[in-house]
file target-v8.txt (compact mmCIF, C-alpha atoms)
# COMPACT_ATOMS: atom_id res chain seq x y z
CA MET A 29 -10.80 2.07 -11.90
CA LYS A 30 -8.70 -0.75 -10.48
CA LEU A 31 -7.64 -0.34 -6.87
CA CYS A 32 -4.28 -1.85 -6.02
CA VAL A 33 -1.95 -1.99 -3.05
CA GLY A 34 1.56 -0.99 -4.09
CA GLN A 35 4.69 -1.98 -2.21
CA TYR A 36 7.79 0.20 -2.04
CA GLY A 37 11.23 -0.24 -0.52
CA GLY A 38 14.85 -0.92 -1.29
CA ARG A 39 15.53 -3.93 -3.48
CA GLU A 40 18.23 -5.15 -1.09
CA TYR A 41 17.39 -7.15 2.01
CA HIS A 42 15.62 -4.96 4.54
CA PRO A 43 14.41 -6.32 7.89
CA GLY A 44 11.77 -3.64 8.51
CA PRO A 45 8.31 -3.29 6.98
CA ARG A 46 8.05 -2.04 3.42
CA HIS A 47 5.87 0.95 2.55
CA TRP A 48 2.38 0.28 1.20
CA SER A 49 0.05 2.70 -0.54
CA PHE A 50 -3.20 2.50 -2.45
CA LEU A 51 -2.84 2.95 -6.19
CA LEU A 52 -6.04 3.86 -7.99
CA MET A 53 -5.04 3.05 -11.56
CA LEU A 54 -5.90 5.72 -14.14
CA SER A 55 -5.92 3.35 -17.13
CA GLU A 56 -5.77 -0.34 -17.99
CA GLN A 57 -2.25 -0.01 -19.44
CA PRO A 58 0.34 -2.01 -17.44
CA ASN A 59 2.65 1.00 -16.88
CA SER A 60 -0.06 3.59 -16.35
CA SER A 61 -0.21 6.40 -13.83
CA ALA A 62 -2.24 6.14 -10.65
CA GLN A 63 -3.59 8.26 -7.86
CA ALA A 64 -1.64 7.33 -4.74
CA PHE A 65 -3.36 7.38 -1.34
CA GLN A 66 -0.94 6.86 1.51
CA LEU A 67 0.39 7.67 4.93
CA CYS A 68 3.75 9.29 5.54
CA GLY A 69 5.82 9.37 8.71
CA ASN A 70 6.76 6.74 11.26
CA TRP A 71 5.60 5.47 14.61
CA LYS A 72 8.04 7.61 16.61
CA GLU A 73 7.23 10.97 15.01
CA GLY A 74 3.71 10.09 13.96
CA PHE A 75 1.95 9.18 10.75
CA PHE A 76 -0.10 11.59 8.68
CA TYR A 77 -2.34 11.29 5.65
CA LYS A 78 -0.74 12.60 2.47
CA ASN A 79 -3.13 14.17 0.00
CA PRO A 80 -3.58 12.03 -3.14
CA SER A 81 -0.98 12.55 -5.83
CA THR A 82 -0.47 11.26 -9.35
CA VAL A 83 2.37 8.77 -9.60
CA THR A 84 3.76 6.40 -12.22
CA PRO A 85 4.77 3.41 -10.10
CA CYS A 86 6.94 1.71 -12.71
CA ARG A 87 9.16 4.81 -12.90
CA SER A 88 10.00 4.68 -9.20
CA GLN A 89 13.20 2.85 -8.31
CA SER A 90 11.64 1.86 -5.00
CA PHE A 91 8.47 0.33 -6.52
CA LEU A 92 8.35 -3.41 -5.86
CA GLY A 93 5.00 -4.33 -7.34
CA LYS A 94 1.26 -4.15 -6.81
CA VAL A 95 -1.71 -6.43 -6.26
CA GLU A 96 -5.30 -5.67 -7.17
CA VAL A 97 -7.76 -5.48 -4.28
CA GLY A 98 -10.87 -4.07 -5.97
CA GLU A 99 -12.44 -1.48 -8.20
CA VAL A 100 -13.77 2.04 -7.69
CA ASP A 101 -16.37 3.62 -9.95
CA ALA A 102 -14.83 6.76 -11.48
CA GLY A 103 -18.01 8.67 -10.57
CA LYS A 104 -17.39 7.91 -6.89
CA TYR A 105 -13.79 9.15 -6.82
CA LEU A 106 -14.47 12.13 -4.51
CA MET A 107 -16.46 10.00 -2.07
CA PHE A 108 -13.75 7.33 -2.18
CA ALA A 109 -11.04 9.94 -1.43
CA GLU A 110 -13.03 11.23 1.56
CA ASP A 111 -13.74 7.73 2.86
CA VAL A 112 -10.04 6.79 2.67
CA LYS A 113 -8.97 10.03 4.38
CA GLY A 114 -11.48 9.43 7.17
CA VAL A 115 -10.01 6.13 8.36
CA PRO A 116 -8.28 6.67 11.72
CA ILE A 117 -4.50 6.79 11.99
CA ILE A 118 -2.95 5.15 15.06
CA ASN A 119 0.04 7.07 16.36
CA GLY A 120 2.41 6.13 19.16
CA ASN A 121 2.09 2.37 18.63
CA GLN A 122 5.33 0.72 17.51
CA GLY A 123 3.39 -2.26 16.15
CA TRP A 124 1.20 -0.18 13.79
CA ASN A 125 2.21 1.24 10.40
CA CYS A 126 1.01 2.04 6.87
CA GLN A 127 0.39 -1.65 6.18
CA ASP A 128 -2.12 -1.83 9.04
CA TRP A 129 -3.79 1.35 7.78
CA ILE A 130 -4.20 -0.22 4.31
CA VAL A 131 -5.96 -3.24 5.86
CA ASP A 132 -8.12 -0.97 8.05
CA VAL A 133 -9.13 1.12 5.01
CA LEU A 134 -10.15 -1.98 3.05
CA VAL A 135 -12.40 -3.12 5.91
CA VAL A 136 -14.06 0.31 6.09
CA LEU A 137 -14.51 0.48 2.31
CA LYS A 138 -16.09 -3.00 2.25
CA LYS A 139 -18.54 -1.97 5.00
CA LYS A 140 -19.45 1.10 2.95
CA GLY A 141 -20.30 -1.04 -0.06
CA TYR A 142 -17.21 -0.67 -2.22
CA ASN A 143 -16.20 -3.54 -4.49
CA VAL A 144 -13.03 -4.46 -2.58
CA SER A 145 -11.57 -7.56 -1.02
CA THR A 146 -10.48 -7.59 2.61
CA PRO A 147 -7.34 -9.71 2.82
CA THR A 148 -5.43 -9.88 6.07
CA LYS A 149 -2.09 -8.15 6.41
CA GLN A 150 -0.35 -11.52 6.15
CA GLU A 151 -2.26 -12.39 2.98
CA LEU A 152 -1.23 -9.08 1.38
CA LEU A 153 2.37 -9.57 2.51
CA THR A 154 2.42 -13.02 0.93
CA ARG A 155 0.95 -11.79 -2.36
CA LEU A 156 3.22 -8.74 -2.58
CA ASN A 157 6.38 -10.58 -1.55
CA ALA A 158 5.66 -13.25 -4.18
CA LEU A 159 6.31 -10.52 -6.77
CA LEU A 160 9.85 -9.93 -5.48
CA PRO A 161 12.84 -11.58 -7.11
CA PRO A 162 14.64 -14.06 -4.83
CA GLN A 163 17.03 -12.23 -2.52
CA LYS A 164 19.81 -13.56 -0.37
CA ASP A 165 19.58 -12.59 3.26
CA PRO A 166 23.01 -11.02 4.00
CA ARG A 167 22.83 -12.32 7.58
CA VAL A 168 23.07 -15.90 6.27
CA GLY A 169 26.54 -17.18 5.42
CA PRO A 170 27.44 -19.47 2.54
CA ALA A 171 25.91 -22.94 2.53
CA LYS A 172 28.12 -25.68 4.00

call {"tool": "encode", "arguments": {"input": "target-v8.txt", "output": "structure tokens"}}
result
Amino acid sequence: MKLCVGQYGGREYHPGPRHWSFLLMLSEQPNSSAQAFQLCGNWKEGFFYKNPSTVTPCRSQSFLGKVEVGEVDAGKYLMFAEDVKGVPIINGNQGWNCQDWIVDVLVVLKKKGYNVSTPTKQELLTRLNALLPPQKDPRVGPAK
């Protein structure tokens, strides 16, 4: 099964970080469902691991795209789910969020022998943001 990082957020300009989750694709079809593995919460109130749920990313108005980061053997799904859940969550740090957790999980999975890449946060940001349509920053006035 293909493992992707999905990006979610409003389509309008937003200065804060966008939400990332793992999407373990359930079929090869472009608009297929996936098992989502993600954190919920925020740095002030704390993050927590949300149990995996079935989602159809393309049906979400906040879905902004996904990039593939590896594959998971269907026979190792339960082990994969436990390994993802076991990666530490950092609470109380304003500079840490779900995007950092995604990168941390990929590093742990790679060390455990999974067929995944380990891009940096900036590399993932670049790849995911390349999928976005051009947006005008509302803070910037008309060109002179």

call {"tool": "closest_atom_pairs", "arguments": {"input": "target-v8.txt", "of": "range 32-109 of chain A", "to": "range 118-141 of chain A", "cutoff": "12 Å", "atoms": "all atoms listed in the file", "output": "tab-separated table"}}
result
residue	atom	partner	partner_atom	distance
A:Cys32	CA	A:Ile130	CA	10.5
A:Val33	CA	A:Ile130	CA	7.9
A:Gly34	CA	A:Ile130	CA	10.2
A:Gln35	CA	A:Gln127	CA	9.4
A:Tyr36	CA	A:Gln127	CA	11.2
A:Gly44	CA	A:Asn125	CA	10.9
A:Pro45	CA	A:Gln127	CA	8.1
A:Arg46	CA	A:Gln127	CA	8.2
A:His47	CA	A:Cys126	CA	6.6
A:Trp48	CA	A:Gln127	CA	5.7
A:Ser49	CA	A:Ile130	CA	7.1
A:Phe50	CA	A:Ile130	CA	7.4
A:Leu51	CA	A:Ile130	CA	11.1
A:Phe65	CA	A:Ile130	CA	9.5
A:Gln66	CA	A:Cys126	CA	7.5
A:Leu67	CA	A:Cys126	CA	6.0
A:Cys68	CA	A:Cys126	CA	7.9
A:Gly69	CA	A:Cys126	CA	9.0
A:Asn70	CA	A:Asn125	CA	7.2
A:Trp71	CA	A:Gln122	CA	5.6
A:Lys72	CA	A:Gly120	CA	6.4
A:Glu73	CA	A:Gly120	CA	8.0
A:Gly74	CA	A:Asn119	CA	5.3
A:Phe75	CA	A:Asn119	CA	6.3
A:Phe76	CA	A:Asn119	CA	8.9
A:Tyr77	CA	A:Cys126	CA	9.9
A:Lys78	CA	A:Cys126	CA	11.6
A:Glu96	CA	A:Leu134	CA	11.9
A:Val97	CA	A:Leu134	CA	8.5
A:Gly98	CA	A:Leu134	CA	9.3
A:Glu99	CA	A:Leu137	CA	10.9
A:Val100	CA	A:Leu137	CA	10.1
A:Asp101	CA	A:Gly141	CA	11.6
A:Lys104	CA	A:Gly141	CA	11.6
A:Met107	CA	A:Lys140	CA	10.6
A:Phe108	CA	A:Leu137	CA	8.2
A:Ala109	CA	A:Leu137	CA	10.7

call {"tool": "residues_around", "arguments": {"input": "target-v8.txt", "residues": "Pro58 in chain A", "least_positions_apart": "2", "cutoff": "12 Å", "atoms": "all atoms listed in the file", "output": "number ranges by chain"}}
result
A: 30, 53-56, 60-62, 84-86, 93-94

call {"tool": "atom_distance", "arguments": {"input": "target-v8.txt", "atom1": "CA of Leu106 in chain A", "atom2": "CA of Gln150 in chain A"}}
result
29.5 Å

call {"tool": "atom_distance", "arguments": {"input": "target-v8.txt", "atom1": "CA of Gly114 in chain A", "atom2": "CA of Arg155 in chain A"}}
result
26.4 Å

call {"tool": "closest_residue", "arguments": {"input": "target-v8.txt", "among": "A:Thr154, A:Asp111, A:Leu160, A:Ser90", "to": "Tyr142 in chain A", "atoms": "all atoms listed in the file"}}
result
A:Asp111

call {"tool": "atom_distance", "arguments": {"input": "target-v8.txt", "atom1": "CA of Gln89 in chain A", "atom2": "CA of Pro161 in chain A"}}
result
14.5 Å

call {"tool": "closest_residue", "arguments": {"input": "target-v8.txt", "among": "A:Ser81, A:Asn157, A:Ser88, A:Gln63", "to": "Leu31 in chain A", "atoms": "all atoms listed in the file"}}
result
A:Gln63

call {"tool": "closest_residue", "arguments": {"input": "target-v8.txt", "among": "A:Pro116, A:Asn79, A:Val144, A:Arg87", "to": "Met29 in chain A", "atoms": "only C-alpha atoms"}}
result
A:Val144

call {"tool": "build_atoms", "arguments": {"input": "target-v8.txt", "residues": "range 62-73 of chain A", "atoms": "all heavy atoms", "output": "short mmCIF file (atom, residue, chain, number, x, y, z; two decimals), in the coordinates of the input"}}
result
data_model
loop_
_atom_site.label_atom_id
_atom_site.label_comp_id
_atom_site.auth_asym_id
_atom_site.auth_seq_id
_atom_site.Cartn_x
_atom_site.Cartn_y
_atom_site.Cartn_z
N ALA A 62 -1.24 6.45 -11.67
CA ALA A 62 -2.24 6.14 -10.65
C ALA A 62 -2.35 7.30 -9.68
O ALA A 62 -1.44 8.12 -9.57
CB ALA A 62 -1.84 4.87 -9.89
N GLN A 63 -3.46 7.36 -8.99
CA GLN A 63 -3.59 8.26 -7.86
C GLN A 63 -3.15 7.48 -6.64
O GLN A 63 -3.67 6.39 -6.37
CB GLN A 63 -5.05 8.73 -7.69
CG GLN A 63 -5.47 9.79 -8.65
CD GLN A 63 -4.80 11.11 -8.34
OE1 GLN A 63 -4.96 11.69 -7.26
NE2 GLN A 63 -4.03 11.61 -9.29
N ALA A 64 -2.16 8.00 -5.93
CA ALA A 64 -1.64 7.33 -4.74
C ALA A 64 -2.31 7.91 -3.49
O ALA A 64 -2.39 9.13 -3.33
CB ALA A 64 -0.13 7.51 -4.65
N PHE A 65 -2.79 7.03 -2.63
CA PHE A 65 -3.36 7.38 -1.34
C PHE A 65 -2.50 6.68 -0.30
O PHE A 65 -2.36 5.45 -0.34
CB PHE A 65 -4.81 6.87 -1.23
CG PHE A 65 -5.75 7.49 -2.20
CD1 PHE A 65 -5.82 7.03 -3.51
CD2 PHE A 65 -6.57 8.55 -1.83
CE1 PHE A 65 -6.69 7.60 -4.41
CE2 PHE A 65 -7.44 9.13 -2.73
CZ PHE A 65 -7.50 8.65 -4.03
N GLN A 66 -1.91 7.47 0.61
CA GLN A 66 -0.94 6.86 1.51
C GLN A 66 -0.73 7.67 2.77
O GLN A 66 -1.10 8.84 2.85
CB GLN A 66 0.38 6.68 0.79
CG GLN A 66 1.01 7.99 0.33
CD GLN A 66 2.19 7.75 -0.59
OE1 GLN A 66 2.94 6.82 -0.38
NE2 GLN A 66 2.36 8.60 -1.59
N LEU A 67 -0.08 7.01 3.72
CA LEU A 67 0.39 7.67 4.93
C LEU A 67 1.87 7.96 4.77
O LEU A 67 2.58 7.23 4.08
CB LEU A 67 0.19 6.78 6.16
CG LEU A 67 -1.22 6.43 6.56
CD1 LEU A 67 -1.20 5.64 7.87
CD2 LEU A 67 -2.10 7.65 6.69
N CYS A 68 2.32 8.99 5.44
CA CYS A 68 3.75 9.29 5.54
C CYS A 68 4.10 9.35 7.03
O CYS A 68 3.22 9.49 7.87
CB CYS A 68 4.07 10.62 4.86
SG CYS A 68 3.88 10.56 3.09
N GLY A 69 5.38 9.27 7.32
CA GLY A 69 5.82 9.37 8.71
C GLY A 69 6.29 8.04 9.25
O GLY A 69 6.59 7.10 8.50
N ASN A 70 6.34 7.96 10.58
CA ASN A 70 6.76 6.74 11.26
C ASN A 70 6.14 6.72 12.65
O ASN A 70 5.55 7.71 13.09
CB ASN A 70 8.30 6.64 11.32
CG ASN A 70 8.91 7.82 12.05
OD1 ASN A 70 8.62 8.06 13.22
ND2 ASN A 70 9.76 8.56 11.35
N TRP A 71 6.28 5.60 13.32
CA TRP A 71 5.60 5.47 14.61
C TRP A 71 6.16 6.41 15.67
O TRP A 71 5.44 6.83 16.56
CB TRP A 71 5.60 4.01 15.08
CG TRP A 71 6.89 3.54 15.68
CD1 TRP A 71 7.92 2.95 15.04
CD2 TRP A 71 7.28 3.64 17.04
NE1 TRP A 71 8.94 2.66 15.91
CE2 TRP A 71 8.57 3.09 17.16
CE3 TRP A 71 6.67 4.15 18.19
CZ2 TRP A 71 9.25 3.03 18.37
CZ3 TRP A 71 7.35 4.08 19.39
CH2 TRP A 71 8.62 3.53 19.47
N LYS A 72 7.45 6.74 15.59
CA LYS A 72 8.04 7.61 16.61
C LYS A 72 7.57 9.06 16.48
O LYS A 72 7.21 9.70 17.46
CB LYS A 72 9.57 7.58 16.51
CG LYS A 72 10.19 6.33 17.06
CD LYS A 72 11.70 6.41 16.99
CE LYS A 72 12.34 5.13 17.48
NZ LYS A 72 13.80 5.16 17.38
N GLU A 73 7.59 9.57 15.25
CA GLU A 73 7.23 10.97 15.01
C GLU A 73 5.77 11.13 14.62
O GLU A 73 5.26 12.25 14.59
CB GLU A 73 8.14 11.55 13.93
CG GLU A 73 9.60 11.54 14.36
CD GLU A 73 10.56 11.77 13.20
OE1 GLU A 73 10.10 12.04 12.08
OE2 GLU A 73 11.77 11.66 13.44
#
